[in-house]
Every structure is written in structure tokens, then in C-alpha cells.
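Novice: Attaching a single structure in C-alpha cells format; questions to follow.
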Amino acid sequence: MNKSLPVSPVILLVDDNPHNLQVLGKLLYDENYMIEFAVNGEATLEWLKKRRFDLILLDLNMPGMNGFEVCKRIRSDKKMNNLPVIFLSAESERESILKGFEVGAQDYVTKPFDNRELLARVKTQLDLKSKTENLEKINEWLGKKIDNWLKLSLTKQEKTDGSDLSVKIMEFDKNQSILLKDIYLELDTALQEMEKLIGKSKHPDIMNQAKEIIRRMSDITNKLKML
């Protein structure tokens, strides 16, 4: 029986310079990423209507709609709110970099870039996106489980007498506690991996925001551990 092959992340490269697209395309293709190209902001938005991407490498200075405006448009769509955007720009001024983060970019790389550094930043953002999506799935699954527990509990209460009800409730609480502790272990492992990934980021604003998110999630996992 054939095993399904892992799906490679799909990256959209946006730059009005064909040479830059060629260089970036070869670099990422050699790392087994799937790639598509756009030469301006309008083409980028059209691509996003047609296909799902895992990350965008977005040139800042383009004729017509610049990278800042493209990123704003992306962030205005809730369906793409978690889509990582890395700005590529020859501008290294602090104000330009800060504006990039303000409009919703996850990272900012200045040209000319080091190939190894760019690949490391791409991998970090893709890994973070994957971990975030897994945590969202766990949260959704947990919500459904809690709903099922409540429905099951109410149904059993209606069908049992008073003497049997306390036994059923104790059994329900025991199963709930075991499941919550399993979820704690899943979350705790994910948090440790996210901390390692975030440690690769060199931008202090990203690190501070990420650490705050991890702190809040750690509080939740600690409470689960005590159940």
C-alpha cells in the first residue's frame, strides 16, 4: 500500500524584479518548497483568492500598491490572519522596519540577504504556523469534547436514580481529569517547541510579544496539570 507523501509548504514570492524572483525561486525550490510568483500587489491579492499559501515573501517597494498596503489588505481578511508575511527590502531604517511589524508582518529581512539566514527565518515562520494550527485544532477538539461530556452527563442524570447518580458523576469527573492531563502534555510539548523556535528571532518586539503569548498559555497548562 502506498503511503501518502508529506505536502511541501507553498510559498508566494512577490517582487517586481524578475531577477530577484529567479534567485529566490531557485533558493527555495532547492529546499523542496513549492513556489508561485507575483510581480505586484494586485497580482498577489488575486493569487490569494485562488490558492492557499503557507507563507509570503513580500517585496516592500513596488510600483502601484506597495508591500505595506498589500500586507494591510491581507490582515483585513480574517481567513488569512494567520498567514505569515516576511518583508524583503533594501530599506534598513528603523522606522521602515517598525512600520512593517505594525501592518502585520511576522519578520523583516533586508537586502542583500544571507541565504542561510533567510532560509532559517522562513523555516521558523512555517514551524510557528504549523504549531499554532495544531493548537487551534486541539482547542476545537477540546471544545467538542466538553460539549459531549455535558450532554452525556445530562442524559445520564435523567436516566439514573439518586443513588446511582453520584457514582456516574465520579466516573465522569475521573475520565475528564485523565483527558485534561493528556491535553496538558500535548500543550506543554508544543509550548517547549515554540519557545525554541521563537528563540531564533532576533527582533525584540517579536520576542516580547511571543513570550507574553507563551506565558499566558503556560498559565493554562499549569491549571490543567492541577486538575
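Residues are named by chain letter and number: chains run A, B, ... in the order of the C-alpha cells, numbers start at 1 in each chain, and ligands are numbered from 1 in the order shown.
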If we count only C-alpha atoms, what is near stretch 110-112 of chain A at a cut-off of 12 Å, once residues fewer than 4 positions away on the same chain are taken out, given as a VMD selection string?
Specialist: chain A and resid 20 23 to 24 57 to 61 86 to 94 96 to 97 100 117 to 118
Novice: Looking only at alpha helix (DSSP H) from DSSP on the backbone, list the matching residues of stretch 10-130 of chain A as a ChimeraX atom specification.
Specialist: /A:18-29,41-50,67-75,94-102,115-130
Novice: Do you have the atom CA of A:Leu28-atom CA of A:Val122 distance handy?
Specialist: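 Spanning atom CA of A:Leu28 to atom CA of A:Val122 is a straight-line distance of 9.4 Å.
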Novice: Report, in Å to a single decimal, how far apart atom CA of A:Ile11 and atom CA of A:Met34 are.
Specialist: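 Interatomic distance here is 6.2 Å.
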Novice: Measure the distance from atom CA of A:Tyr33 to atom CA of A:Gly67 in Å and round it to one decimal.
Specialist: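 Spanning atom CA of A:Tyr33 to atom CA of A:Gly67 is a straight-line distance of 22.4 Å.
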Novice: Report as an MDAnalysis selection string all protein, DNA and RNA residues lying within 10 Å of A:Lys123, evaluated on only C-alpha atoms, omitting residues in the same chain fewer than 4 positions from it.
Specialist: chainID A and resid 9 55 117:119 127:129 197
Novice: Pull N, CA and C atoms from the residues just selected and write them as a PDB file, in the first residue's frame.
Specialist:
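After the write, result-v4.pdb holds the following:
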```
ATOM      1  N   PRO A   9       5.340  22.862   1.980  1.00  0.00           N
ATOM      2  CA  PRO A   9       4.745  24.191   2.141  1.00  0.00           C
ATOM      3  C   PRO A   9       4.760  24.965   0.831  1.00  0.00           C
ATOM      4  N   LEU A  55       3.079  30.809   3.349  1.00  0.00           N
ATOM      5  CA  LEU A  55       3.930  31.942   3.697  1.00  0.00           C
ATOM      6  C   LEU A  55       4.076  32.844   2.477  1.00  0.00           C
ATOM      7  N   GLU A 117      20.424  32.694   6.411  1.00  0.00           N
ATOM      8  CA  GLU A 117      19.569  33.424   7.346  1.00  0.00           C
ATOM      9  C   GLU A 117      18.129  33.464   6.842  1.00  0.00           C
ATOM     10  N   LEU A 118      17.945  33.741   5.566  1.00  0.00           N
ATOM     11  CA  LEU A 118      16.596  33.801   5.012  1.00  0.00           C
ATOM     12  C   LEU A 118      15.898  32.454   5.135  1.00  0.00           C
ATOM     13  N   LEU A 119      16.594  31.381   4.797  1.00  0.00           N
ATOM     14  CA  LEU A 119      16.001  30.047   4.904  1.00  0.00           C
ATOM     15  C   LEU A 119      15.643  29.713   6.348  1.00  0.00           C
ATOM     16  N   ASP A 127       7.249  26.762  10.824  1.00  0.00           N
ATOM     17  CA  ASP A 127       7.101  25.908  12.014  1.00  0.00           C
ATOM     18  C   ASP A 127       6.133  26.525  13.016  1.00  0.00           C
ATOM     19  N   LEU A 128       6.248  27.835  13.225  1.00  0.00           N
ATOM     20  CA  LEU A 128       5.335  28.513  14.141  1.00  0.00           C
ATOM     21  C   LEU A 128       3.889  28.419  13.653  1.00  0.00           C
ATOM     22  N   LYS A 129       3.697  28.586  12.355  1.00  0.00           N
ATOM     23  CA  LYS A 129       2.348  28.481  11.781  1.00  0.00           C
ATOM     24  C   LYS A 129       1.785  27.087  12.006  1.00  0.00           C
ATOM     25  N   LEU A 197      11.708  27.748  18.829  1.00  0.00           N
ATOM     26  CA  LEU A 197      11.588  28.442  17.548  1.00  0.00           C
ATOM     27  C   LEU A 197      11.665  29.947  17.721  1.00  0.00           C
TER      28      LEU A 197
END
```
Novice: Which one of A:Val14, A:Tyr29, A:Met62, A:Glu95 sits closest to A:Thr44 if you count only C-alpha atoms?
Specialist: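 Closest to A:Thr44, using only C-alpha atoms: A:Val14.
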Novice: Measuring between only C-alpha atoms, which one of A:Thr124, A:Ser8, A:Asn139, A:Asn82 shows the shortest distance to A:Ala105?
Specialist: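 Ranking A:Thr124, A:Ser8, A:Asn139, A:Asn82 by distance to A:Ala105, first place goes to A:Asn82.
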Novice: Compile the contact shell of A:Gln22 as a list in words: residues with an atom at most 10 Å away, counting only C-alpha atoms, same-chain residues fewer than 5 positions apart removed.
Specialist: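 Near A:Gln22, the qualifying residues are Leu13, Asn17, Leu27 and Phe37 of chain A.
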